[in-house]
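So this block is run34.cif, mmCIF, C-alpha atoms:
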```cif
data_my_file
loop_
_atom_site.label_atom_id
_atom_site.label_comp_id
_atom_site.auth_asym_id
_atom_site.auth_seq_id
_atom_site.Cartn_x
_atom_site.Cartn_y
_atom_site.Cartn_z
CA MET B 1 15.51 33.35 -10.79
CA ALA B 2 13.54 30.20 -11.35
CA HIS B 3 15.55 27.71 -13.29
CA PHE B 4 13.75 25.78 -15.99
CA ASP B 5 15.04 22.25 -16.13
CA LEU B 6 13.72 20.44 -19.17
CA PHE B 7 14.46 16.98 -17.80
CA ASN B 8 12.81 17.75 -14.53
CA GLU B 9 9.74 19.02 -16.36
CA MET B 10 9.63 15.88 -18.47
CA ASP B 11 9.86 13.71 -15.38
CA LEU B 12 7.02 15.62 -13.75
CA LEU B 13 4.86 15.24 -16.85
CA ARG B 14 5.57 11.53 -17.01
CA ARG B 15 4.57 11.13 -13.38
CA GLU B 16 1.39 13.06 -13.91
CA VAL B 17 0.43 10.86 -16.84
CA ASP B 18 1.28 7.75 -14.81
CA ASN B 19 -0.97 8.92 -12.03
CA THR B 20 -3.84 9.65 -14.35
CA PHE B 21 -3.74 6.25 -15.99
CA ARG B 22 -2.77 4.25 -12.95
CA ASN B 23 -6.11 2.54 -12.73
CA PHE B 24 -6.65 1.93 -16.41
CA ALA B 25 -3.54 0.14 -17.51
CA LEU B 26 -4.13 -3.39 -16.32
CA GLY B 27 -7.50 -3.18 -14.70
CA PRO B 28 -8.23 -3.09 -11.01
CA MET B 29 -6.09 -6.11 -10.22
CA SER B 30 -2.94 -4.15 -10.98
CA THR B 31 -3.46 -1.56 -8.29
CA PRO B 32 -3.04 -2.67 -4.71
CA THR B 33 -3.11 0.89 -3.52
CA PHE B 34 -5.44 2.50 -1.12
CA LEU B 35 -6.19 5.85 -2.63
CA PRO B 36 -9.15 7.78 -1.40
CA GLY B 37 -9.68 10.81 -3.53
CA SER B 38 -7.69 9.82 -6.54
CA THR B 39 -9.66 6.89 -7.84
CA SER B 40 -13.19 6.73 -9.01
CA GLY B 41 -13.56 3.08 -8.07
CA ASP B 42 -14.78 1.68 -4.81
CA TYR B 43 -12.38 1.32 -1.96
CA PRO B 44 -11.29 -0.43 0.05
CA ARG B 45 -10.97 -3.26 -2.42
CA LEU B 46 -12.76 -6.43 -1.41
CA ASN B 47 -12.57 -10.10 -2.15
CA ILE B 48 -15.59 -12.14 -1.21
CA SER B 49 -15.54 -15.90 -1.16
CA SER B 50 -17.74 -18.52 0.38
CA ASN B 51 -17.95 -22.12 1.35
CA GLU B 52 -20.93 -24.04 2.64
CA ASN B 53 -20.72 -22.64 6.18
CA ASN B 54 -19.14 -19.24 5.95
CA LEU B 55 -18.80 -16.13 3.87
CA TYR B 56 -15.29 -14.67 3.81
CA ILE B 57 -14.51 -11.07 3.06
CA GLU B 58 -11.01 -9.71 2.66
CA ALA B 59 -10.37 -5.99 2.43
CA LEU B 60 -7.14 -4.28 1.45
CA MET B 61 -6.35 -1.62 3.99
CA PRO B 62 -2.68 -0.89 4.40
CA GLY B 63 -1.76 1.64 7.05
CA ILE B 64 -5.12 1.64 8.79
CA ARG B 65 -4.95 0.90 12.46
CA PRO B 66 -7.66 -1.45 13.73
CA GLU B 67 -8.87 1.23 16.14
CA ASP B 68 -9.60 3.60 13.23
CA LEU B 69 -11.83 1.05 11.59
CA GLU B 70 -15.53 0.56 12.00
CA LEU B 71 -17.40 -2.49 10.83
CA SER B 72 -21.10 -3.07 11.10
CA VAL B 73 -23.43 -5.76 9.84
CA MET B 74 -27.14 -5.17 9.69
CA GLN B 75 -29.27 -7.88 8.21
CA ASN B 76 -27.71 -8.36 4.78
CA THR B 77 -25.70 -5.19 4.64
CA LEU B 78 -22.11 -4.83 5.65
CA THR B 79 -20.61 -1.39 6.15
CA LEU B 80 -16.93 -0.78 6.43
CA SER B 81 -15.78 2.70 7.30
CA GLY B 82 -12.75 4.34 8.78
CA GLU B 83 -9.95 6.71 8.23
CA ARG B 84 -6.39 6.47 7.14
CA LYS B 85 -4.52 9.08 9.06
CA ALA B 86 -1.31 10.79 8.08
CA ASP B 87 1.73 9.39 9.80
CA SER B 88 2.39 11.17 13.04
CA ASP B 89 5.86 12.33 12.11
CA ASP B 90 4.41 14.19 9.12
CA ASP B 91 2.71 16.60 11.48
CA ASN B 92 5.97 17.86 12.91
CA ASN B 93 6.76 21.28 11.70
CA GLY B 94 9.96 21.86 9.90
CA GLU B 95 11.43 21.89 6.49
CA ARG B 96 10.52 18.83 4.45
CA THR B 97 10.60 17.88 0.83
CA TRP B 98 8.19 15.40 -0.67
CA HIS B 99 9.81 13.40 -3.43
CA ARG B 100 6.84 11.10 -3.89
CA ARG B 101 3.37 11.28 -2.48
CA GLU B 102 1.30 8.46 -3.86
CA ARG B 103 -0.32 7.06 -0.76
CA GLY B 104 -3.69 8.65 -0.15
CA ILE B 105 -5.09 9.54 3.23
CA GLY B 106 -8.59 10.30 4.34
CA ARG B 107 -11.93 8.84 5.31
CA PHE B 108 -13.63 6.03 3.47
CA MET B 109 -16.85 4.10 3.62
CA ARG B 110 -18.11 1.18 1.64
CA THR B 111 -21.38 -0.67 1.94
CA ILE B 112 -22.05 -3.97 0.29
CA GLU B 113 -25.03 -6.23 0.19
CA LEU B 114 -24.23 -9.75 1.29
CA PRO B 115 -25.43 -12.52 -1.00
CA THR B 116 -26.91 -14.54 1.86
CA SER B 117 -28.17 -13.91 5.37
CA VAL B 118 -25.53 -14.25 8.03
CA ASP B 119 -25.50 -14.83 11.73
CA THR B 120 -24.58 -11.33 12.85
CA SER B 121 -23.75 -12.40 16.40
CA LYS B 122 -20.86 -14.61 15.27
CA VAL B 123 -19.01 -12.31 12.89
CA ASP B 124 -15.28 -12.36 13.35
CA ALA B 125 -12.81 -9.79 11.99
CA LEU B 126 -9.05 -9.94 12.05
CA CYS B 127 -6.54 -7.44 10.73
CA HIS B 128 -3.08 -8.63 9.72
CA ASP B 129 -0.41 -7.20 7.43
CA GLY B 130 -2.76 -4.61 6.02
CA ILE B 131 -5.52 -7.04 5.10
CA LEU B 132 -8.75 -7.24 7.04
CA ALA B 133 -10.27 -10.71 7.07
CA ILE B 134 -13.91 -10.99 8.05
CA THR B 135 -15.61 -14.32 8.61
CA LEU B 136 -19.40 -14.33 8.53
CA PRO B 137 -21.13 -17.58 9.39
CA LYS B 138 -24.17 -18.23 7.23
CA ALA B 139 -27.49 -18.12 8.99
CA GLU B 140 -28.55 -21.43 10.47
CA HIS B 141 -31.74 -21.63 8.48
CA LEU B 142 -29.76 -21.56 5.22
CA LYS B 143 -27.66 -24.58 6.01
CA ALA B 144 -28.77 -27.91 4.67
CA ARG B 145 -30.30 -30.02 7.36
CA LYS B 146 -30.96 -33.69 7.25
CA ILE B 147 -34.41 -34.61 8.40
CA SER B 148 -35.07 -38.11 9.41
CA VAL B 149 -38.32 -39.55 8.25
CA SER B 150 -40.12 -41.82 10.59
CA ALA B 151 -42.68 -44.35 9.53
CA ASN B 152 -45.67 -45.22 11.60
CA MET Q 1 18.46 14.88 -4.01
CA LYS Q 2 18.30 12.86 -7.18
CA GLU Q 3 15.71 10.21 -6.80
CA GLN Q 4 14.01 8.67 -9.75
CA ALA Q 5 12.46 5.48 -10.92
CA LEU Q 6 14.98 3.54 -12.91
CA ASN Q 7 12.77 2.65 -15.76
CA SER Q 8 9.78 4.52 -16.99
CA ARG Q 9 8.17 1.35 -18.28
CA GLN Q 10 7.83 0.05 -14.75
CA THR Q 11 4.50 1.77 -14.62
CA LEU Q 12 2.86 -0.79 -16.79
CA SER Q 13 4.83 -3.79 -15.80
CA ASP Q 14 7.97 -4.44 -13.87
CA ASN Q 15 8.77 -7.54 -15.85
CA ASP Q 16 11.02 -5.62 -18.21
CA ALA Q 17 13.06 -4.34 -15.32
CA THR Q 18 13.21 -7.53 -13.27
CA ARG Q 19 13.58 -9.82 -16.29
CA SER Q 20 11.50 -12.32 -14.45
CA PRO Q 21 8.49 -14.21 -15.73
CA GLN Q 22 6.75 -13.42 -12.47
CA ARG Q 23 4.38 -10.50 -12.30
CA PHE Q 24 5.15 -7.75 -9.82
CA LEU Q 25 3.12 -4.85 -8.57
CA ARG Q 26 4.56 -1.43 -7.97
CA PRO Q 27 3.69 -0.39 -4.42
CA ALA Q 28 2.55 3.16 -3.83
CA VAL Q 29 5.14 5.11 -1.88
CA ASP Q 30 5.61 8.31 0.03
CA ILE Q 31 9.14 9.65 0.10
CA VAL Q 32 9.82 12.57 2.35
CA GLU Q 33 13.11 14.21 3.15
CA THR Q 34 13.91 16.30 6.18
CA GLU Q 35 17.15 17.90 7.26
CA GLN Q 36 18.06 14.80 9.17
CA ALA Q 37 16.76 11.86 7.21
CA LEU Q 38 14.86 10.40 4.29
CA THR Q 39 11.75 8.36 4.99
CA VAL Q 40 10.28 5.94 2.48
CA ARG Q 41 6.85 4.48 3.19
CA ALA Q 42 5.37 1.84 0.94
CA ASP Q 43 1.93 0.25 0.99
CA MET Q 44 2.48 -3.47 0.76
CA PRO Q 45 -0.67 -5.14 2.02
CA GLY Q 46 -0.41 -8.89 2.26
CA ALA Q 47 3.37 -8.95 2.57
CA ASN Q 48 4.88 -10.66 5.56
CA LYS Q 49 8.25 -10.95 7.16
CA GLU Q 50 9.12 -14.14 5.29
CA GLY Q 51 8.84 -12.48 1.90
CA LEU Q 52 10.00 -8.91 2.54
CA GLU Q 53 13.42 -7.84 1.34
CA LEU Q 54 15.19 -4.52 1.27
CA HIS Q 55 18.42 -4.00 -0.61
CA MET Q 56 20.77 -1.12 -1.04
CA GLU Q 57 23.40 -1.56 -3.67
CA GLN Q 58 25.42 1.09 -5.50
CA GLY Q 59 22.93 3.74 -4.58
CA ILE Q 60 19.93 1.73 -5.73
CA LEU Q 61 17.29 0.90 -3.20
CA THR Q 62 15.16 -2.14 -3.94
CA LEU Q 63 11.92 -2.92 -2.17
CA LYS Q 64 10.74 -6.44 -2.72
CA ALA Q 65 8.07 -8.62 -1.20
CA GLN Q 66 7.45 -12.14 -2.32
CA ILE Q 67 3.88 -13.21 -1.81
CA SER Q 68 2.76 -16.76 -2.32
CA ALA Q 69 -0.43 -17.11 -4.28
CA PRO Q 70 -3.39 -18.06 -2.11
CA GLU Q 71 -5.24 -21.27 -2.77
CA ASP Q 72 -8.20 -20.98 -5.07
CA LYS Q 73 -11.44 -20.24 -3.39
CA ASN Q 74 -14.97 -19.94 -4.54
CA TYR Q 75 -14.90 -16.21 -5.26
CA LEU Q 76 -18.11 -14.26 -5.49
CA LEU Q 77 -16.31 -10.97 -5.97
CA ARG Q 78 -12.66 -10.46 -6.66
CA GLU Q 79 -11.15 -6.98 -6.68
CA PHE Q 80 -7.58 -7.73 -5.73
CA LYS Q 81 -5.12 -10.52 -6.03
CA ALA Q 82 -2.08 -11.15 -3.86
CA THR Q 83 0.86 -10.33 -6.10
CA SER Q 84 4.49 -9.83 -5.22
CA TYR Q 85 5.81 -6.30 -4.97
CA TRP Q 86 8.91 -4.81 -6.50
CA ARG Q 87 10.18 -1.29 -6.92
CA GLN Q 88 13.52 0.45 -7.21
CA PHE Q 89 14.77 3.95 -6.53
CA GLN Q 90 18.05 5.63 -7.16
CA LEU Q 91 19.29 7.49 -4.12
CA SER Q 92 22.05 10.01 -3.84
CA ASP Q 93 25.11 9.33 -1.73
CA ASP Q 94 23.84 11.67 0.98
CA PHE Q 95 22.28 8.81 2.88
CA ASP Q 96 24.05 6.26 4.95
CA PRO Q 97 22.81 2.71 4.36
CA GLU Q 98 24.60 1.65 7.53
CA GLN Q 99 22.15 3.73 9.51
CA ALA Q 100 18.95 2.53 7.91
CA VAL Q 101 16.02 1.52 10.07
CA ALA Q 102 13.07 -0.35 8.60
CA LYS Q 103 9.85 -1.53 10.13
CA PHE Q 104 6.69 -3.13 8.86
CA SER Q 105 3.32 -2.67 10.48
CA ASN Q 106 -0.26 -2.84 9.23
CA GLY Q 107 0.94 -3.58 5.73
CA VAL Q 108 3.11 -0.46 5.47
CA LEU Q 109 6.88 -0.66 5.17
CA THR Q 110 8.69 2.33 6.65
CA LEU Q 111 12.36 2.85 5.92
CA THR Q 112 14.32 5.68 7.47
CA LEU Q 113 17.74 6.55 6.10
CA ALA Q 114 19.80 9.00 8.07
CA LYS Q 115 21.77 11.64 6.23
CA ARG Q 116 25.52 11.53 6.42
CA GLU Q 117 26.97 13.98 8.89
CA ALA Q 118 28.81 15.81 6.13
CA VAL Q 119 25.66 16.80 4.26
CA LYS Q 120 23.50 17.86 7.20
CA PRO Q 121 22.83 21.56 7.18
CA ARG Q 122 24.78 23.37 9.81
CA ARG Q 123 24.51 26.81 11.20
CA ILE Q 124 27.80 28.52 11.64
CA ALA Q 125 28.07 31.00 14.45
CA ILE Q 126 29.63 34.32 13.62
CA ASN Q 127 31.69 36.18 16.15
CA TYR Q 128 31.15 39.91 16.15
CA ASN Q 129 33.59 42.21 17.72
#
```

Would you put the structure from the file into C-alpha coordinates?
Amino acid sequence: MAHFDLFNEMDLLRREVDNTFRNFALGPMSTPTFLPGSTSGDYPRLNISSNENNLYIEALMPGIRPEDLELSVMQNTLTLSGERKADSDDDNNGERTWHRRERGIGRFMRTIELPTSVDTSKVDALCHDGILAITLPKAEHLKARKISVSAN
Amino acid sequence: MKEQALNSRQTLSDNDATRSPQRFLRPAVDIVETEQALTVRADMPGANKEGLELHMEQGILTLKAQISAPEDKNYLLREFKATSYWRQFQLSDDFDPEQAVAKFSNGVLTLTLAKREAVKPRRIAINYN
(Lines of atoms letter the chains of each structure in order from A and count residues from 1; the text may use other names and numbers.)
(Lines give C-alpha, C1' and ligand atoms only; values in the text may rest on other atoms or scores of the structure.)
Protein backbone atom coordinates (compact mmCIF):
# COMPACT_ATOMS: atom_id res chain seq x y z
CA MET A 1 0.00 0.00 0.00
CA ALA A 2 1.28 3.43 -0.85
CA HIS A 3 2.40 5.22 2.24
CA PHE A 4 1.52 8.87 2.53
CA ASP A 5 4.32 10.76 4.19
CA LEU A 6 3.27 14.28 5.04
CA PHE A 7 6.82 15.57 5.42
CA ASN A 8 7.87 14.07 2.15
CA GLU A 9 4.89 15.67 0.43
CA MET A 10 5.73 19.03 1.97
CA ASP A 11 9.32 18.74 0.80
CA LEU A 12 8.16 17.92 -2.72
CA LEU A 13 5.81 20.90 -2.75
CA ARG A 14 8.55 23.20 -1.52
CA ARG A 15 10.86 22.00 -4.27
CA GLU A 16 8.20 22.49 -6.89
CA VAL A 17 7.61 26.06 -5.74
CA ASP A 18 11.37 26.69 -5.70
CA ASN A 19 11.65 25.48 -9.24
CA THR A 20 8.80 27.61 -10.44
CA PHE A 21 10.18 30.79 -8.95
CA ARG A 22 13.84 30.06 -9.52
CA ASN A 23 14.20 32.73 -12.14
CA PHE A 24 12.12 35.41 -10.47
CA ALA A 25 13.61 35.72 -7.04
CA LEU A 26 16.70 37.80 -7.65
CA GLY A 27 16.59 38.41 -11.35
CA PRO A 28 18.66 36.71 -13.98
CA MET A 29 21.95 37.33 -12.20
CA SER A 30 21.01 34.86 -9.49
CA THR A 31 20.73 31.88 -11.78
CA PRO A 32 23.94 30.51 -13.22
CA THR A 33 22.15 27.44 -14.47
CA PHE A 34 21.85 26.17 -17.93
CA LEU A 35 18.28 25.04 -18.22
CA PRO A 36 16.82 24.48 -21.63
CA GLY A 37 13.16 23.80 -21.35
CA SER A 38 12.52 25.14 -17.91
CA THR A 39 13.19 28.81 -18.39
CA SER A 40 11.51 31.27 -20.63
CA GLY A 41 14.59 33.45 -20.90
CA ASP A 42 17.31 33.25 -23.48
CA TYR A 43 20.09 30.80 -23.02
CA PRO A 44 22.94 30.39 -22.96
CA ARG A 45 23.47 33.52 -20.92
CA LEU A 46 25.83 36.02 -22.47
CA ASN A 47 28.01 38.86 -21.36
CA ILE A 48 29.17 41.22 -24.05
CA SER A 49 31.88 43.76 -23.48
CA SER A 50 34.07 45.79 -25.74
CA ASN A 51 37.18 47.85 -25.91
CA GLU A 52 38.49 49.92 -28.79
CA ASN A 53 39.82 46.95 -30.76
CA ASN A 54 37.73 43.96 -29.84
CA LEU A 55 34.30 42.78 -28.89
CA TYR A 56 34.26 40.11 -26.19
CA ILE A 57 31.46 37.65 -25.67
CA GLU A 58 31.28 35.24 -22.77
CA ALA A 59 28.68 32.49 -22.67
CA LEU A 60 27.80 30.27 -19.73
CA MET A 61 27.77 26.69 -20.87
CA PRO A 62 28.60 24.19 -18.19
CA GLY A 63 28.78 20.58 -19.25
CA ILE A 64 28.89 21.26 -22.97
CA ARG A 65 31.81 19.71 -24.73
CA PRO A 66 33.49 21.95 -27.31
CA GLU A 67 32.77 19.39 -30.03
CA ASP A 68 29.01 19.69 -29.39
CA LEU A 69 29.11 23.40 -29.94
CA GLU A 70 28.62 25.31 -33.14
CA LEU A 71 29.48 28.95 -33.58
CA SER A 72 28.97 30.99 -36.69
CA VAL A 73 29.38 34.65 -37.51
CA MET A 74 27.77 36.12 -40.58
CA GLN A 75 28.11 39.82 -41.12
CA ASN A 76 26.72 41.25 -37.88
CA THR A 77 24.98 38.17 -36.62
CA LEU A 78 26.43 35.64 -34.27
CA THR A 79 24.76 32.27 -33.83
CA LEU A 80 25.60 29.92 -31.04
CA SER A 81 24.03 26.50 -31.09
CA GLY A 82 24.71 23.10 -29.65
CA GLU A 83 23.50 20.41 -27.40
CA ARG A 84 24.03 19.44 -23.84
CA LYS A 85 23.96 15.70 -23.74
CA ALA A 86 23.08 13.49 -20.82
CA ASP A 87 26.07 12.07 -19.05
CA SER A 88 27.07 8.77 -20.54
CA ASP A 89 26.68 6.79 -17.35
CA ASP A 90 23.03 7.83 -17.18
CA ASP A 91 22.32 5.72 -20.24
CA ASN A 92 23.31 2.50 -18.52
CA ASN A 93 20.34 0.41 -17.72
CA GLY A 94 19.73 -0.56 -14.19
CA GLU A 95 17.96 0.55 -11.12
CA ARG A 96 18.56 4.19 -10.29
CA THR A 97 16.94 6.77 -8.10
CA TRP A 98 17.03 10.45 -8.89
CA HIS A 99 17.17 12.53 -5.74
CA ARG A 100 17.63 15.80 -7.60
CA ARG A 101 17.37 16.59 -11.25
CA GLU A 102 17.87 20.28 -11.77
CA ARG A 103 20.36 20.36 -14.60
CA GLY A 104 18.63 20.56 -17.94
CA ILE A 105 19.74 18.81 -21.08
CA GLY A 106 18.87 19.38 -24.69
CA ARG A 107 19.54 21.48 -27.74
CA PHE A 108 19.85 25.22 -27.72
CA MET A 109 20.37 28.04 -30.16
CA ARG A 110 20.80 31.73 -29.68
CA THR A 111 21.32 34.42 -32.26
CA ILE A 112 22.42 37.91 -31.42
CA GLU A 113 23.07 40.96 -33.48
CA LEU A 114 26.51 42.40 -32.89
CA PRO A 115 26.66 46.13 -32.21
CA THR A 116 29.48 46.70 -34.70
CA SER A 117 30.90 44.97 -37.75
CA VAL A 118 33.62 42.50 -36.98
CA ASP A 119 36.41 40.88 -38.90
CA THR A 120 34.92 37.42 -39.28
CA SER A 121 38.19 35.84 -40.38
CA LYS A 122 39.89 36.57 -37.05
CA VAL A 123 37.29 35.38 -34.57
CA ASP A 124 38.73 33.36 -31.74
CA ALA A 125 36.76 31.13 -29.36
CA LEU A 126 38.03 29.37 -26.26
CA CYS A 127 36.15 27.15 -23.85
CA HIS A 128 37.38 26.85 -20.27
CA ASP A 129 35.69 25.81 -17.03
CA GLY A 130 32.25 25.92 -18.58
CA ILE A 131 32.57 29.43 -19.99
CA LEU A 132 33.00 30.08 -23.67
CA ALA A 133 35.03 33.19 -24.43
CA ILE A 134 34.77 34.62 -27.92
CA THR A 135 36.99 37.43 -29.12
CA LEU A 136 35.82 39.31 -32.20
CA PRO A 137 38.16 41.93 -33.61
CA LYS A 138 36.34 45.01 -34.83
CA ALA A 139 36.40 45.59 -38.55
CA GLU A 140 39.39 47.59 -39.74
CA HIS A 141 37.31 50.35 -41.24
CA LEU A 142 35.76 51.10 -37.84
CA LYS A 143 39.03 51.73 -36.09
CA ALA A 144 40.21 55.28 -35.77
CA ARG A 145 42.97 56.03 -38.19
CA LYS A 146 45.31 58.93 -38.12
CA ILE A 147 45.67 60.62 -41.46
CA SER A 148 48.61 62.80 -42.03
CA VAL A 149 47.92 65.99 -43.85
CA SER A 150 50.49 67.16 -46.28
CA ALA A 151 50.85 70.71 -47.43
CA ASN A 152 51.90 71.65 -50.89
CA MET B 1 18.31 7.64 1.47
CA LYS B 2 17.67 10.82 3.38
CA GLU B 3 19.03 13.69 1.43
CA GLN B 4 17.73 17.17 1.87
CA ALA B 5 18.78 20.74 1.72
CA LEU B 6 19.63 21.94 5.18
CA ASN B 7 17.79 25.16 5.05
CA SER B 8 14.78 25.98 2.98
CA ARG B 9 15.73 29.64 2.84
CA GLN B 10 18.81 28.79 0.82
CA THR B 11 16.69 29.15 -2.25
CA LEU B 12 16.62 32.88 -2.03
CA SER B 13 19.97 33.46 -0.50
CA ASP B 14 22.60 31.34 1.12
CA ASN B 15 23.77 34.16 3.33
CA ASP B 16 21.56 33.02 6.19
CA ALA B 17 23.12 29.59 6.09
CA THR B 18 26.73 30.61 5.57
CA ARG B 19 26.53 33.64 7.87
CA SER B 20 28.87 35.38 5.53
CA PRO B 21 28.50 38.83 4.02
CA GLN B 22 29.50 37.36 0.69
CA ARG B 23 26.83 36.41 -1.79
CA PHE B 24 26.70 32.80 -2.92
CA LEU B 25 24.84 31.11 -5.71
CA ARG B 26 23.23 27.74 -5.37
CA PRO B 27 24.50 25.53 -8.18
CA ALA B 28 22.02 23.31 -9.97
CA VAL B 29 22.65 19.66 -9.20
CA ASP B 30 21.74 16.20 -10.33
CA ILE B 31 21.88 13.53 -7.67
CA VAL B 32 21.45 9.98 -8.77
CA GLU B 33 21.77 6.82 -6.76
CA THR B 34 22.47 3.35 -8.07
CA GLU B 35 22.98 0.11 -6.23
CA GLN B 36 26.68 0.77 -6.07
CA ALA B 37 27.12 4.49 -5.62
CA LEU B 38 25.73 7.99 -5.37
CA THR B 39 26.70 10.52 -8.00
CA VAL B 40 26.37 14.25 -7.48
CA ARG B 41 26.84 16.53 -10.47
CA ALA B 42 26.84 20.28 -10.07
CA ASP B 43 26.98 23.01 -12.69
CA MET B 44 29.64 25.44 -11.55
CA PRO B 45 30.69 27.43 -14.59
CA GLY B 46 33.58 29.76 -13.94
CA ALA B 47 34.94 27.80 -11.00
CA ASN B 48 38.52 26.63 -11.13
CA LYS B 49 40.75 24.35 -9.19
CA GLU B 50 42.07 27.13 -6.97
CA GLY B 51 38.64 27.95 -5.60
CA LEU B 52 36.87 24.59 -5.52
CA GLU B 53 36.36 22.84 -2.22
CA LEU B 54 34.47 19.73 -1.22
CA HIS B 55 33.86 18.82 2.40
CA MET B 56 32.24 15.93 4.13
CA GLU B 57 31.65 16.39 7.81
CA GLN B 58 29.20 14.57 10.08
CA GLY B 59 27.17 13.45 7.12
CA ILE B 60 26.97 16.91 5.58
CA LEU B 61 28.40 17.39 2.15
CA THR B 62 29.45 20.92 1.26
CA LEU B 63 30.17 22.07 -2.26
CA LYS B 64 31.96 25.36 -2.41
CA ALA B 65 33.70 27.34 -5.11
CA GLN B 66 35.29 30.67 -4.48
CA ILE B 67 35.32 32.86 -7.54
CA SER B 68 37.18 36.12 -7.66
CA ALA B 69 35.23 38.96 -9.15
CA PRO B 70 36.41 39.87 -12.64
CA GLU B 71 37.72 43.33 -13.32
CA ASP B 72 35.16 45.81 -14.54
CA LYS B 73 34.75 45.96 -18.24
CA ASN B 74 32.76 48.09 -20.56
CA TYR B 75 29.67 45.88 -20.66
CA LEU B 76 27.19 46.21 -23.47
CA LEU B 77 25.09 43.33 -22.22
CA ARG B 78 25.36 41.58 -18.91
CA GLU B 79 23.33 38.47 -18.18
CA PHE B 80 25.52 36.75 -15.64
CA LYS B 81 28.04 37.63 -13.04
CA ALA B 82 30.78 35.43 -11.63
CA THR B 83 29.63 34.64 -8.11
CA SER B 84 30.92 32.07 -5.67
CA TYR B 85 28.97 28.87 -5.25
CA TRP B 86 27.86 27.16 -2.08
CA ARG B 87 25.46 24.35 -1.34
CA GLN B 88 25.03 21.69 1.31
CA PHE B 89 23.35 18.31 1.45
CA GLN B 90 22.73 15.90 4.24
CA LEU B 91 23.72 12.39 3.32
CA SER B 92 22.94 9.17 5.06
CA ASP B 93 25.68 7.01 6.53
CA ASP B 94 25.37 4.55 3.65
CA PHE B 95 28.15 6.25 1.75
CA ASP B 96 31.81 6.03 2.45
CA PRO B 97 33.59 9.39 2.29
CA GLU B 98 36.90 7.55 2.18
CA GLN B 99 35.96 6.23 -1.23
CA ALA B 100 34.83 9.47 -2.81
CA VAL B 101 36.06 10.42 -6.26
CA ALA B 102 35.58 13.93 -7.60
CA LYS B 103 36.44 15.48 -10.91
CA PHE B 104 35.83 18.79 -12.58
CA SER B 105 35.53 19.23 -16.30
CA ASN B 106 33.79 21.75 -18.55
CA GLY B 107 32.43 23.58 -15.53
CA VAL B 108 30.70 20.52 -14.07
CA LEU B 109 31.77 18.99 -10.77
CA THR B 110 31.13 15.26 -10.53
CA LEU B 111 31.38 13.51 -7.19
CA THR B 112 30.94 9.78 -6.85
CA LEU B 113 30.47 8.27 -3.41
CA ALA B 114 30.60 4.52 -3.16
CA LYS B 115 28.14 2.74 -0.93
CA ARG B 116 29.44 0.89 2.08
CA GLU B 117 29.72 -2.83 1.55
CA ALA B 118 27.21 -3.49 4.30
CA VAL B 119 24.37 -1.64 2.58
CA LYS B 120 24.86 -2.90 -0.97
CA PRO B 121 22.02 -5.12 -2.06
CA ARG B 122 23.00 -8.73 -2.16
CA ARG B 123 21.36 -11.72 -3.66
CA ILE B 124 21.41 -14.72 -1.45
CA ALA B 125 21.52 -18.07 -3.14
CA ILE B 126 19.11 -20.67 -1.90
CA ASN B 127 20.01 -24.32 -1.86
CA TYR B 128 17.20 -26.62 -2.86
CA ASN B 129 17.30 -30.24 -2.06

Expansion of the PyMOL selection byres ((chain B) within 7 of (chain Q)) into residues, as a tab-separated table (two decimals) with C-alpha atoms, keeping the file's coordinate frame:
```
chain	number	residue	atom	x	y	z
B	18	ASP	CA	1.28	7.75	-14.81
B	25	ALA	CA	-3.54	0.14	-17.51
B	28	PRO	CA	-8.23	-3.09	-11.01
B	29	MET	CA	-6.09	-6.11	-10.22
B	30	SER	CA	-2.94	-4.15	-10.98
B	32	PRO	CA	-3.04	-2.67	-4.71
B	33	THR	CA	-3.11	0.89	-3.52
B	45	ARG	CA	-10.97	-3.26	-2.42
B	46	LEU	CA	-12.76	-6.43	-1.41
B	47	ASN	CA	-12.57	-10.10	-2.15
B	48	ILE	CA	-15.59	-12.14	-1.21
B	49	SER	CA	-15.54	-15.90	-1.16
B	50	SER	CA	-17.74	-18.52	0.38
B	51	ASN	CA	-17.95	-22.12	1.35
B	60	LEU	CA	-7.14	-4.28	1.45
B	61	MET	CA	-6.35	-1.62	3.99
B	62	PRO	CA	-2.68	-0.89	4.40
B	63	GLY	CA	-1.76	1.64	7.05
B	64	ILE	CA	-5.12	1.64	8.79
B	65	ARG	CA	-4.95	0.90	12.46
B	95	GLU	CA	11.43	21.89	6.49
B	96	ARG	CA	10.52	18.83	4.45
B	97	THR	CA	10.60	17.88	0.83
B	98	TRP	CA	8.19	15.40	-0.67
B	99	HIS	CA	9.81	13.40	-3.43
B	100	ARG	CA	6.84	11.10	-3.89
B	101	ARG	CA	3.37	11.28	-2.48
B	102	GLU	CA	1.30	8.46	-3.86
B	103	ARG	CA	-0.32	7.06	-0.76
B	128	HIS	CA	-3.08	-8.63	9.72
B	129	ASP	CA	-0.41	-7.20	7.43
B	130	GLY	CA	-2.76	-4.61	6.02
B	131	ILE	CA	-5.52	-7.04	5.10
```

Residues matched by the PyMOL selection byres ((chain B and resi 137) around 8), written as an mmCIF file with C-alpha atoms, in the frame of the given file:
```
data_model
loop_
_atom_site.group_PDB
_atom_site.id
_atom_site.type_symbol
_atom_site.label_atom_id
_atom_site.label_comp_id
_atom_site.auth_asym_id
_atom_site.auth_seq_id
_atom_site.Cartn_x
_atom_site.Cartn_y
_atom_site.Cartn_z
ATOM 1 C CA ASN B 53 -20.720 -22.640 6.180
ATOM 2 C CA ASN B 54 -19.140 -19.240 5.950
ATOM 3 C CA LEU B 55 -18.800 -16.130 3.870
ATOM 4 C CA VAL B 118 -25.530 -14.250 8.030
ATOM 5 C CA ASP B 119 -25.500 -14.830 11.730
ATOM 6 C CA THR B 120 -24.580 -11.330 12.850
ATOM 7 C CA LYS B 122 -20.860 -14.610 15.270
ATOM 8 C CA VAL B 123 -19.010 -12.310 12.890
ATOM 9 C CA THR B 135 -15.610 -14.320 8.610
ATOM 10 C CA LEU B 136 -19.400 -14.330 8.530
ATOM 11 C CA LYS B 138 -24.170 -18.230 7.230
ATOM 12 C CA ALA B 139 -27.490 -18.120 8.990
#
```

- Task: Could you tell me which residues the PyMOL selection byres ((chain Q and resi 113-115) around 7) grabs in this file, written as JSON, numbers by chain?
- Result: {"Q": [36, 37, 38, 39, 94, 95, 96, 97, 99, 100, 101, 111, 112, 116, 117, 119, 120]}

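Counting from CA of Ser84 in chain Q, the distance to CA of Pro21 in chain Q is 12.1 Å.
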
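CA of Glu140 in chain B to CA of Ser121 in chain B spans 11.8 Å [interatomic distance, one decimal].
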
- Item | Pairwise distance for CA of Thr62 in chain Q and CA of Trp86 in chain Q, rounded to one decimal in Å | 7.3 Å
